[in-house]
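Notes follow once the structure below has been shown.
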Amino acid sequence: MRWRAMWLDRAVVLIYVLAALGSGVTVVSGKLAENTMTGRLDAAVSELVAVHGEWAFGSVLGLFLTACLRFDLSWRDRAESFPRPNGRRYAALAIAFITVFVLLQTAGRGGELVYRYGVGVETSNGRVVQ
């Protein structure tokens, strides 16, 4: 049973690393999409796009920080048969919870951009609402 816990710990590290990389790619593609709409959006919508991008950057930072911390913990415990609970693990958990909050804020603002303002929505005749 104990070997499974260490395997699970390493799988969690891999998932955090993949999530951090995926969030980085997502933010870059969002920034590219934002650049294509510059000057075509209302001031209020443009401000919301900027705030959405700032929250997204916070999500990336949180995910990368959590991934790095979890990787460090996994590296330190590589010779152990069972992951040791310590303050760093609890710190990583706290950062992960904060990151989930930031990610939810990002998603809420992104949803508002799409569903309230129609940013990036394609109409039935093929035009993109901007």
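Naming works like this for the structure tokens: A, B, ... for the chains as they're shown, residue 1 at the start of each chain, ligands 1 onward in shown order.
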* Asked: as a ChimeraX atom specification, which residues of chain A does DSSP assign to helix (DSSP H, G or I)?
  -> /A:2-37,43-76,87-115
* Considering only C-alpha atoms, return as an NGL selection string whatever protein or nucleic-acid residues lie within 8 Å of Arg70 in chain A, sequence-local ones (same chain, fewer than 2 positions apart) excluded. => :A and (13 or 16 or 66-68 or 72-74 or 89 or 92)
Those same residues, written as a compact mmCIF listing (two decimals), in the first residue's frame with C-alpha atoms?
# COMPACT_ATOMS: atom_id res chain seq x y z
CA VAL A 13 3.56 16.36 -9.53
CA TYR A 16 0.70 20.01 -11.73
CA THR A 66 2.63 24.90 -6.93
CA ALA A 67 4.27 22.68 -9.56
CA CYS A 68 7.76 23.83 -8.57
CA ASP A 72 10.93 20.02 -4.98
CA LEU A 73 9.05 17.99 -2.38
CA SER A 74 9.00 14.95 -4.60
CA ARG A 89 3.33 20.19 1.67
CA ALA A 92 1.75 23.79 -1.52
* Take CA of Gly30 in chain A and CA of Ala94 in chain A and report the distance between them in Å, one decimal. => 27.0 Å
* Do you know which residues are at most 12 Å from range 84-86 of chain A counting only C-alpha atoms, after dropping those on the same chain fewer than 3 positions away, and could you put them as a list in words? ->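 After dropping sequence-adjacent residues, the list is Arg2, Ala5, Met6, Asp9, Arg70, Leu73, Ser74, Trp75, Arg76, Asp77, Arg78, Ala79, Glu80, Ser81, Arg89, Tyr90, Ala91, Ala92 and Leu93 of chain A.
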Could you take the residues named above and write them with C-alpha atoms, as an mmCIF file, in the first residue's frame?
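What follows is the written file result_18.cif:
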data_model
loop_
_atom_site.group_PDB
_atom_site.id
_atom_site.type_symbol
_atom_site.label_atom_id
_atom_site.label_comp_id
_atom_site.auth_asym_id
_atom_site.auth_seq_id
_atom_site.Cartn_x
_atom_site.Cartn_y
_atom_site.Cartn_z
ATOM 1 C CA ARG A 2 2.788 2.452 0.832
ATOM 2 C CA ALA A 5 1.197 6.572 -2.115
ATOM 3 C CA MET A 6 4.617 7.525 -3.470
ATOM 4 C CA ASP A 9 2.568 11.678 -5.145
ATOM 5 C CA ARG A 70 5.572 19.907 -5.413
ATOM 6 C CA LEU A 73 9.048 17.993 -2.381
ATOM 7 C CA SER A 74 8.999 14.951 -4.600
ATOM 8 C CA TRP A 75 12.711 15.310 -5.280
ATOM 9 C CA ARG A 76 13.522 15.547 -1.580
ATOM 10 C CA ASP A 77 11.412 12.454 -0.861
ATOM 11 C CA ARG A 78 12.795 10.398 -3.758
ATOM 12 C CA ALA A 79 14.628 7.993 -1.450
ATOM 13 C CA GLU A 80 11.638 7.588 0.868
ATOM 14 C CA SER A 81 9.057 4.856 0.544
ATOM 15 C CA ARG A 89 3.331 20.192 1.665
ATOM 16 C CA TYR A 90 0.777 22.262 3.545
ATOM 17 C CA ALA A 91 2.093 25.418 1.893
ATOM 18 C CA ALA A 92 1.746 23.789 -1.521
ATOM 19 C CA LEU A 93 -1.814 22.806 -0.649
#
* Within 12 Å of Gly120 in chain A, counting only C-alpha atoms, which residues qualify if same-chain residues fewer than 2 places away don't, as a VMD selection string? -> chain A and resid 30 33 to 34 36 to 37 40 to 41 45 49 110 to 118 122 to 123 126 to 130
Selection from above, C-alpha atoms, as an mmCIF file, in the first residue's frame, can you write it?
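Heads up, here's the output in result-v1.cif:
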data_model
loop_
_atom_site.group_PDB
_atom_site.id
_atom_site.type_symbol
_atom_site.label_atom_id
_atom_site.label_comp_id
_atom_site.auth_asym_id
_atom_site.auth_seq_id
_atom_site.Cartn_x
_atom_site.Cartn_y
_atom_site.Cartn_z
ATOM 1 C CA GLY A 30 -5.378 34.533 -25.088
ATOM 2 C CA ALA A 33 -6.420 36.820 -29.399
ATOM 3 C CA GLU A 34 -6.574 40.037 -27.362
ATOM 4 C CA THR A 36 -6.288 40.922 -32.708
ATOM 5 C CA MET A 37 -9.188 42.776 -31.043
ATOM 6 C CA ARG A 40 -12.278 47.248 -31.924
ATOM 7 C CA LEU A 41 -13.796 46.832 -28.450
ATOM 8 C CA VAL A 45 -15.138 45.581 -22.619
ATOM 9 C CA VAL A 49 -10.401 41.837 -21.262
ATOM 10 C CA GLY A 110 -13.959 35.006 -19.408
ATOM 11 C CA GLY A 111 -17.534 33.776 -19.254
ATOM 12 C CA GLU A 112 -18.768 37.327 -18.816
ATOM 13 C CA LEU A 113 -16.804 38.404 -21.881
ATOM 14 C CA VAL A 114 -18.387 35.674 -23.990
ATOM 15 C CA TYR A 115 -21.933 35.464 -22.642
ATOM 16 C CA ARG A 116 -22.604 39.090 -21.718
ATOM 17 C CA TYR A 117 -20.588 40.937 -24.358
ATOM 18 C CA GLY A 118 -20.246 38.277 -27.073
ATOM 19 C CA GLU A 122 -19.151 33.698 -34.316
ATOM 20 C CA THR A 123 -22.630 34.441 -35.683
ATOM 21 C CA GLY A 126 -19.759 33.539 -40.140
ATOM 22 C CA ARG A 127 -18.981 36.988 -38.707
ATOM 23 C CA VAL A 128 -17.158 37.198 -35.398
ATOM 24 C CA VAL A 129 -18.717 39.599 -32.906
ATOM 25 C CA GLN A 130 -16.125 41.993 -31.504
#
* To one decimal in Å, tell me the separation between CA of Ser46 in chain A and CA of Val119 in chain A. => 10.0 Å
* **Shell around Glu47 in chain A at 12 Å using only C-alpha atoms, local window under 4 positions removed, as a PyMOL selection string** => chain A and resi 34+38-39+41-43+51-54+109+113
What does the file look like for those residues with C-alpha atoms, as a compact mmCIF listing (two decimals), in the first residue's frame?
# COMPACT_ATOMS: atom_id res chain seq x y z
CA GLU A 34 -6.57 40.04 -27.36
CA THR A 38 -7.27 45.83 -29.89
CA GLY A 39 -9.07 49.01 -30.90
CA LEU A 41 -13.80 46.83 -28.45
CA ASP A 42 -15.65 49.31 -26.27
CA ALA A 43 -13.62 50.84 -23.45
CA VAL A 51 -8.59 42.35 -16.08
CA HIS A 52 -9.31 38.84 -17.37
CA GLY A 53 -5.73 38.65 -18.64
CA GLU A 54 -4.34 39.79 -15.30
CA ARG A 109 -14.51 37.05 -16.24
CA LEU A 113 -16.80 38.40 -21.88
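Within the 12 Å cut-off around Gly62 in chain A, using only C-alpha atoms and omitting residues fewer than 4 positions from it on the same chain, the listed residues are Tyr16, Val17, Ala19, Ala20, Leu21, Ser23, Gly24, Trp55, Ala56, Phe57, Gly58, Thr66, Ala67, Cys68, Leu69, Ala91, Ala92, Leu93, Ala94, Ile95, Ala96, Phe97, Ile98, Thr99, Val100, Phe101, Val102 and Leu103 of chain A.
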Using the selection just defined, write its residues with C-alpha atoms as a PDB file, in the first residue's frame.
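Below is the file out.pdb, written as the result:
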ATOM      1  CA  TYR A  16       0.703  20.007 -11.726  1.00  0.00           C
ATOM      2  CA  VAL A  17       3.542  20.404 -14.239  1.00  0.00           C
ATOM      3  CA  ALA A  19      -1.401  22.072 -15.764  1.00  0.00           C
ATOM      4  CA  ALA A  20       1.213  24.806 -15.418  1.00  0.00           C
ATOM      5  CA  LEU A  21       2.448  24.280 -18.982  1.00  0.00           C
ATOM      6  CA  SER A  23      -2.057  27.348 -18.516  1.00  0.00           C
ATOM      7  CA  GLY A  24       0.997  29.107 -19.923  1.00  0.00           C
ATOM      8  CA  TRP A  55      -6.283  37.106 -13.429  1.00  0.00           C
ATOM      9  CA  ALA A  56      -5.143  34.538 -16.002  1.00  0.00           C
ATOM     10  CA  PHE A  57      -1.513  35.517 -15.400  1.00  0.00           C
ATOM     11  CA  GLY A  58      -2.122  35.039 -11.669  1.00  0.00           C
ATOM     12  CA  THR A  66       2.632  24.904  -6.926  1.00  0.00           C
ATOM     13  CA  ALA A  67       4.265  22.683  -9.556  1.00  0.00           C
ATOM     14  CA  CYS A  68       7.761  23.827  -8.574  1.00  0.00           C
ATOM     15  CA  LEU A  69       7.078  23.361  -4.883  1.00  0.00           C
ATOM     16  CA  ALA A  91       2.093  25.418   1.893  1.00  0.00           C
ATOM     17  CA  ALA A  92       1.746  23.789  -1.521  1.00  0.00           C
ATOM     18  CA  LEU A  93      -1.814  22.806  -0.649  1.00  0.00           C
ATOM     19  CA  ALA A  94      -2.631  26.359   0.456  1.00  0.00           C
ATOM     20  CA  ILE A  95      -1.139  27.804  -2.740  1.00  0.00           C
ATOM     21  CA  ALA A  96      -3.141  25.291  -4.779  1.00  0.00           C
ATOM     22  CA  PHE A  97      -6.384  26.380  -3.086  1.00  0.00           C
ATOM     23  CA  ILE A  98      -5.570  30.047  -3.706  1.00  0.00           C
ATOM     24  CA  THR A  99      -4.797  29.184  -7.331  1.00  0.00           C
ATOM     25  CA  VAL A 100      -8.179  27.491  -7.696  1.00  0.00           C
ATOM     26  CA  PHE A 101      -9.826  30.703  -6.452  1.00  0.00           C
ATOM     27  CA  VAL A 102      -7.818  32.777  -8.941  1.00  0.00           C
ATOM     28  CA  LEU A 103      -8.659  30.334 -11.731  1.00  0.00           C
TER      29      LEU A 103
END
